[in-house]
Amino acid sequence: MVAPGFVLGLLLLPLILRARTRPAADFRFASHIHNHMVLQKEPAGAVIWGYGIPGATVTVTLRQDQEVIMKKVTPVKAHSNTWMVVLDPLKPGGPYEVLAQQTFRRRNLTLGVHDVLFGDVWLCSGQSNMQMTVSQIFNATSELSDTAAYQSVRILSVSLAQAEQELEDLAAVDLEWSKPTAENLGHGNFEYMSAVCWLFGRYLHDTLQYPIGLISSSWGGTPIEAWSSGRSLKACGVPKQGFVPPDSVTGPSEHSVLWNAMVHPLCSVTLKGVIWYQGEANVNFHRDLYNCTFPALIADWRQTFHRGSQGQTEHLFPFGFVQLSSVLSGAASDDGFSQIRWHQTADAGYVPNLRMPNTFMAVAMDLGDRTSPFGSIHPRDKQTVAYRLHLGARAVAYGEKQLTFQGPLPEKMELLADEGLLNLTYSQRILVQKKDDRIFEVSCCGDQQCTWLPAPMNTFSTWTLALNTSLCSGAVVAVRYAWTAWPCEYKLCPLYHPSSTLPAPPFIAFMADQMPRSHSRVAK
């Protein structure tokens, strides 16, 4: 959601579009093709497309230092006035020049974009925590000045827009493809370029040492329904709008309006992957459906981008996301944030999993920011968020072996009722940073009712942790960890991986499940 003070400045009467028609004589590139852009490198081929005169022929030429690298010829389609070519795969590098020449009745028109690089292209989307700019995060001045070494990390920001139908091209862009500067990275609050997106790309560049293209398309205060196609919403049985959205939804909430206008027009772009930071607006809005709507969004985006890029974007491209951070809440019993965190993993507690293949997650519940001027729901440490995301990308998207990219989860539990203990065995080594008497809870059942009670941390070793269950005089039937809107103070959760500083993620599990590596089924 968007901090109240920024809502008016953020919305500014965005375009509501029913359809987009173009004069037949309009010969141009698609709206996302500009100077300084990054195109997807090998093994995929980059897509170049635009508008022209029906019946004309368009020749696309790729040049480097005046040398022709390749040419592609295609007709302009009569029904859509569009043309499209797929370039041969190229190694990372550049700069190149892309020329498009339209020939119609002996008349030639030529367009060109220069300083084009080949590398990996990532799309960054979501709501206001993805929308926050570098000027809003910790150490903003230092971060804004750190651009000289990253001139081959290029950025593009999509304008806020809604549409009732899927658009073919973007309505507008806030920031055309650009080299990073302090001005375009810190243009204002919730404007232009995403800090998480930029920092993620910067960390990737440090590792990969080749160009990275970043496309930011996000809108604060928006639920997942606005970013989902009608197909995926129907598959999850999401009811049509018939009530007023809660206060947490300050942006557009109508079904598919942002998918139609801010994502679908990009589906022809050959992508390496997507990162996503959204969910706060669904805490009180179709929350119980999020374990379906989020995996369905991922699957639908994958299918649409694969088809739109003529098969160049992988059909299971990597999809990373941020598990919701902490928020100060007046309702201590409200576990809405915990439920969304769980549903973000399709109720598995970890990713990748069977319902969410080729995904990765950055746990952020230990990054709470009590004094954030943008409200605690907008924590300012986006550096750690992006760093954890990039670890997941290195492991899942780039296949880096032996890299720890997620915190420890239990794989086995044993109840010692006579001793009043519950022993948890973890799948990774654990670092117990401190003992906590309330962050673990057990579901204690008796007299036909169950209550969640604290289970203080007791003894521990490198792989195991014992919980004290003596407060439960009945039967222990389930256990959960960090099941609250604010589980711990900044980077002070009890459990981390010892060498990676990655926090153990929240989980919930029944005692009846012996928690193999798939961990456990979950309580509803």
# chains A, B, ... in the order shown; residues from 1 in each chain; ligands from 1
$ select_by_dssp --residues "segment 284-384 of chain A" --states "alpha helix (DSSP H)" --output "PyMOL selection string"
chain A and resi 290-308+336-343+382-384
$ residues_around --residues "Pro95 of chain A" --least-positions-apart "6" --cutoff "8 Å" --atoms "only C-alpha atoms" --output "PyMOL selection string"
chain A and resi 64+114-117
$ atom_distance --atom1 "atom CA of Glu67 of chain A" --atom2 "atom CA of Ile155 of chain A"
26.8 Å
$ residues_around --residues "segment 387-400 of chain A" --least-positions-apart "3" --cutoff "9 Å" --atoms "only C-alpha atoms" --output "PyMOL selection string"
chain A and resi 199-201+203-204+207+272-273+275+317-322+352+358-364+382-384+403-406+502
$ closest_residue --among "A:Tyr192, A:Trp83, A:Phe285, A:Phe138" --to "Ile224 of chain A" --atoms "only C-alpha atoms"
A:Phe285
$ atom_distance --atom1 "atom CA of Gly50 of chain A" --atom2 "atom CA of Leu316 of chain A"
26.3 Å
$ atom_distance --atom1 "atom CA of Leu328 of chain A" --atom2 "atom CA of Phe374 of chain A"
12.6 Å
$ select_by_dssp --residues "segment 118-271 of chain A" --states "strand (DSSP E or B)" --output "PyMOL selection string"
chain A and resi 118-126+153-158+161-163+173-178+212-218
$ write_last_selection --atoms "C-alpha atoms" --output "PDB file, in the first residue's frame"
ATOM      1  CA  PHE A 118      22.895  -7.539 -24.810  1.00  0.00           C
ATOM      2  CA  GLY A 119      22.637  -9.094 -21.361  1.00  0.00           C
ATOM      3  CA  ASP A 120      19.887 -10.338 -19.049  1.00  0.00           C
ATOM      4  CA  VAL A 121      16.531  -8.558 -18.817  1.00  0.00           C
ATOM      5  CA  TRP A 122      14.497  -8.694 -15.594  1.00  0.00           C
ATOM      6  CA  LEU A 123      10.988  -7.342 -15.015  1.00  0.00           C
ATOM      7  CA  CYS A 124      10.253  -5.941 -11.528  1.00  0.00           C
ATOM      8  CA  SER A 125       6.630  -5.574 -10.455  1.00  0.00           C
ATOM      9  CA  GLY A 126       4.343  -5.280  -7.445  1.00  0.00           C
ATOM     10  CA  VAL A 153      22.899  -1.735 -15.810  1.00  0.00           C
ATOM     11  CA  ARG A 154      20.116   0.011 -17.713  1.00  0.00           C
ATOM     12  CA  ILE A 155      16.683   0.976 -16.368  1.00  0.00           C
ATOM     13  CA  LEU A 156      13.179   1.514 -17.763  1.00  0.00           C
ATOM     14  CA  SER A 157      10.108   2.593 -15.778  1.00  0.00           C
ATOM     15  CA  VAL A 158       6.531   2.029 -16.978  1.00  0.00           C
ATOM     16  CA  ALA A 161      -2.022   3.165 -16.412  1.00  0.00           C
ATOM     17  CA  GLN A 162      -5.165   1.051 -16.357  1.00  0.00           C
ATOM     18  CA  ALA A 163      -7.070  -0.657 -19.146  1.00  0.00           C
ATOM     19  CA  VAL A 173       6.764   5.236 -19.979  1.00  0.00           C
ATOM     20  CA  ASP A 174       7.919   7.418 -17.091  1.00  0.00           C
ATOM     21  CA  LEU A 175      11.565   6.750 -17.816  1.00  0.00           C
ATOM     22  CA  GLU A 176      12.818   5.550 -21.198  1.00  0.00           C
ATOM     23  CA  TRP A 177      15.751   3.146 -21.203  1.00  0.00           C
ATOM     24  CA  SER A 178      18.523   5.054 -19.421  1.00  0.00           C
ATOM     25  CA  ILE A 212      21.612  -6.122 -16.962  1.00  0.00           C
ATOM     26  CA  GLY A 213      18.328  -4.587 -18.134  1.00  0.00           C
ATOM     27  CA  LEU A 214      15.715  -3.688 -15.509  1.00  0.00           C
ATOM     28  CA  ILE A 215      12.069  -2.888 -16.290  1.00  0.00           C
ATOM     29  CA  SER A 216      10.074  -1.441 -13.387  1.00  0.00           C
ATOM     30  CA  SER A 217       6.275  -1.725 -13.557  1.00  0.00           C
ATOM     31  CA  SER A 218       4.583  -1.294 -10.174  1.00  0.00           C
TER      32      SER A 218
END
$ closest_residue --among "A:Val263, A:Leu99, A:Leu87, A:Ala30" --to "Glu42 of chain A" --atoms "only C-alpha atoms"
A:Leu87
$ closest_residue --among "A:Gln402, A:Ser443, A:Asn189, A:Thr313" --to "Ala46 of chain A" --atoms "only C-alpha atoms"
A:Thr313
$ residues_around --residues "Arg28 of chain A" --least-positions-apart "3" --cutoff "12 Å" --atoms "only C-alpha atoms" --output "PyMOL selection string"
chain A and resi 22-25+31-34+48-53+58+76+81-84+99-102+109-113+169
$ write_last_selection --atoms "N, CA and C atoms" --output "mmCIF file, in the first residue's frame"
data_model
loop_
_atom_site.group_PDB
_atom_site.id
_atom_site.type_symbol
_atom_site.label_atom_id
_atom_site.label_comp_id
_atom_site.auth_asym_id
_atom_site.auth_seq_id
_atom_site.Cartn_x
_atom_site.Cartn_y
_atom_site.Cartn_z
ATOM 1 N N ARG A 22 -3.978 3.186 -33.907
ATOM 2 C CA ARG A 22 -2.883 3.990 -34.435
ATOM 3 C C ARG A 22 -3.112 4.238 -35.909
ATOM 4 N N PRO A 23 -2.740 5.410 -36.373
ATOM 5 C CA PRO A 23 -2.860 5.659 -37.813
ATOM 6 C C PRO A 23 -1.977 4.707 -38.599
ATOM 7 N N ALA A 24 -2.456 4.326 -39.777
ATOM 8 C CA ALA A 24 -1.729 3.343 -40.574
ATOM 9 C C ALA A 24 -0.348 3.832 -40.975
ATOM 10 N N ALA A 25 -0.182 5.150 -41.076
ATOM 11 C CA ALA A 25 1.094 5.695 -41.552
ATOM 12 C C ALA A 25 2.125 5.826 -40.442
ATOM 13 N N SER A 31 6.755 0.974 -27.799
ATOM 14 C CA SER A 31 7.056 2.033 -26.830
ATOM 15 C C SER A 31 8.205 1.716 -25.880
ATOM 16 N N HIS A 32 8.553 0.449 -25.732
ATOM 17 C CA HIS A 32 9.630 0.103 -24.801
ATOM 18 C C HIS A 32 10.993 0.008 -25.485
ATOM 19 N N ILE A 33 11.054 0.292 -26.776
ATOM 20 C CA ILE A 33 12.323 0.198 -27.504
ATOM 21 C C ILE A 33 12.919 1.586 -27.649
ATOM 22 N N HIS A 34 14.071 1.793 -26.989
ATOM 23 C CA HIS A 34 14.706 3.118 -26.977
ATOM 24 C C HIS A 34 16.211 2.975 -27.053
ATOM 25 N N ILE A 48 12.299 -7.666 -31.641
ATOM 26 C CA ILE A 48 12.157 -6.261 -32.019
ATOM 27 C C ILE A 48 10.848 -6.136 -32.793
ATOM 28 N N TRP A 49 10.003 -5.173 -32.386
ATOM 29 C CA TRP A 49 8.741 -5.031 -33.113
ATOM 30 C C TRP A 49 8.297 -3.574 -33.106
ATOM 31 N N GLY A 50 7.297 -3.299 -33.916
ATOM 32 C CA GLY A 50 6.774 -1.943 -33.986
ATOM 33 C C GLY A 50 5.550 -1.885 -34.882
ATOM 34 N N TYR A 51 5.211 -0.670 -35.332
ATOM 35 C CA TYR A 51 4.035 -0.420 -36.164
ATOM 36 C C TYR A 51 4.475 0.098 -37.531
ATOM 37 N N GLY A 52 3.669 -0.206 -38.554
ATOM 38 C CA GLY A 52 3.983 0.265 -39.888
ATOM 39 C C GLY A 52 2.760 0.275 -40.779
ATOM 40 N N ILE A 53 2.999 0.452 -42.073
ATOM 41 C CA ILE A 53 1.917 0.501 -43.063
ATOM 42 C C ILE A 53 1.625 -0.916 -43.551
ATOM 43 N N VAL A 58 9.544 -4.483 -43.699
ATOM 44 C CA VAL A 58 10.464 -3.861 -42.739
ATOM 45 C C VAL A 58 11.729 -4.711 -42.649
ATOM 46 N N VAL A 76 4.633 -6.077 -42.727
ATOM 47 C CA VAL A 76 3.733 -5.469 -41.749
ATOM 48 C C VAL A 76 2.395 -6.189 -41.851
ATOM 49 N N ASN A 81 -1.346 -3.793 -38.137
ATOM 50 C CA ASN A 81 -0.356 -2.756 -38.479
ATOM 51 C C ASN A 81 0.976 -2.960 -37.752
ATOM 52 N N THR A 82 1.280 -4.207 -37.376
ATOM 53 C CA THR A 82 2.509 -4.466 -36.627
ATOM 54 C C THR A 82 3.481 -5.309 -37.435
ATOM 55 N N TRP A 83 4.756 -5.190 -37.083
ATOM 56 C CA TRP A 83 5.813 -6.030 -37.629
ATOM 57 C C TRP A 83 6.677 -6.529 -36.482
ATOM 58 N N MET A 84 7.307 -7.662 -36.657
ATOM 59 C CA MET A 84 8.106 -8.257 -35.581
ATOM 60 C C MET A 84 9.182 -9.150 -36.166
ATOM 61 N N LEU A 99 18.616 -0.734 -36.505
ATOM 62 C CA LEU A 99 17.944 0.075 -37.514
ATOM 63 C C LEU A 99 16.738 -0.685 -38.055
ATOM 64 N N ALA A 100 15.653 0.035 -38.302
ATOM 65 C CA ALA A 100 14.471 -0.549 -38.939
ATOM 66 C C ALA A 100 14.115 0.317 -40.144
ATOM 67 N N GLN A 101 14.063 -0.298 -41.319
ATOM 68 C CA GLN A 101 13.718 0.432 -42.541
ATOM 69 C C GLN A 101 12.426 -0.132 -43.134
ATOM 70 N N GLN A 102 11.443 0.745 -43.300
ATOM 71 C CA GLN A 102 10.181 0.357 -43.922
ATOM 72 C C GLN A 102 10.205 0.737 -45.403
ATOM 73 N N LEU A 109 11.483 4.567 -45.167
ATOM 74 C CA LEU A 109 11.582 5.299 -43.903
ATOM 75 C C LEU A 109 12.486 4.499 -42.979
ATOM 76 N N THR A 110 13.381 5.179 -42.265
ATOM 77 C CA THR A 110 14.340 4.488 -41.403
ATOM 78 C C THR A 110 14.275 5.024 -39.977
ATOM 79 N N LEU A 111 14.255 4.094 -39.037
ATOM 80 C CA LEU A 111 14.320 4.408 -37.605
ATOM 81 C C LEU A 111 15.566 3.756 -37.027
ATOM 82 N N GLY A 112 16.039 4.271 -35.908
ATOM 83 C CA GLY A 112 17.204 3.663 -35.287
ATOM 84 C C GLY A 112 17.288 3.939 -33.801
ATOM 85 N N VAL A 113 17.845 2.994 -33.071
ATOM 86 C CA VAL A 113 18.194 3.198 -31.663
ATOM 87 C C VAL A 113 19.644 2.792 -31.497
ATOM 88 N N ASP A 169 0.446 -2.373 -26.687
ATOM 89 C CA ASP A 169 1.626 -1.552 -26.438
ATOM 90 C C ASP A 169 1.391 -0.725 -25.187
#
$ residues_around --residues "Val244 of chain A" --least-positions-apart "5" --cutoff "12 Å" --atoms "only C-alpha atoms" --output "PyMOL selection string"
chain A and resi 249-250+252-254+284-285
$ write_last_selection --atoms "C-alpha atoms" --output "PDB file, in the first residue's frame"
ATOM      1  CA  VAL A 249      -6.176  -1.104  -1.087  1.00  0.00           C
ATOM      2  CA  THR A 250      -5.411   2.484  -2.110  1.00  0.00           C
ATOM      3  CA  PRO A 252      -6.684   0.204  -8.538  1.00  0.00           C
ATOM      4  CA  SER A 253      -8.361  -3.038  -7.471  1.00  0.00           C
ATOM      5  CA  GLU A 254     -10.518  -3.869 -10.485  1.00  0.00           C
ATOM      6  CA  ASN A 284      -7.727  -8.105   4.131  1.00  0.00           C
ATOM      7  CA  PHE A 285      -8.749  -8.613   0.517  1.00  0.00           C
TER       8      PHE A 285
END
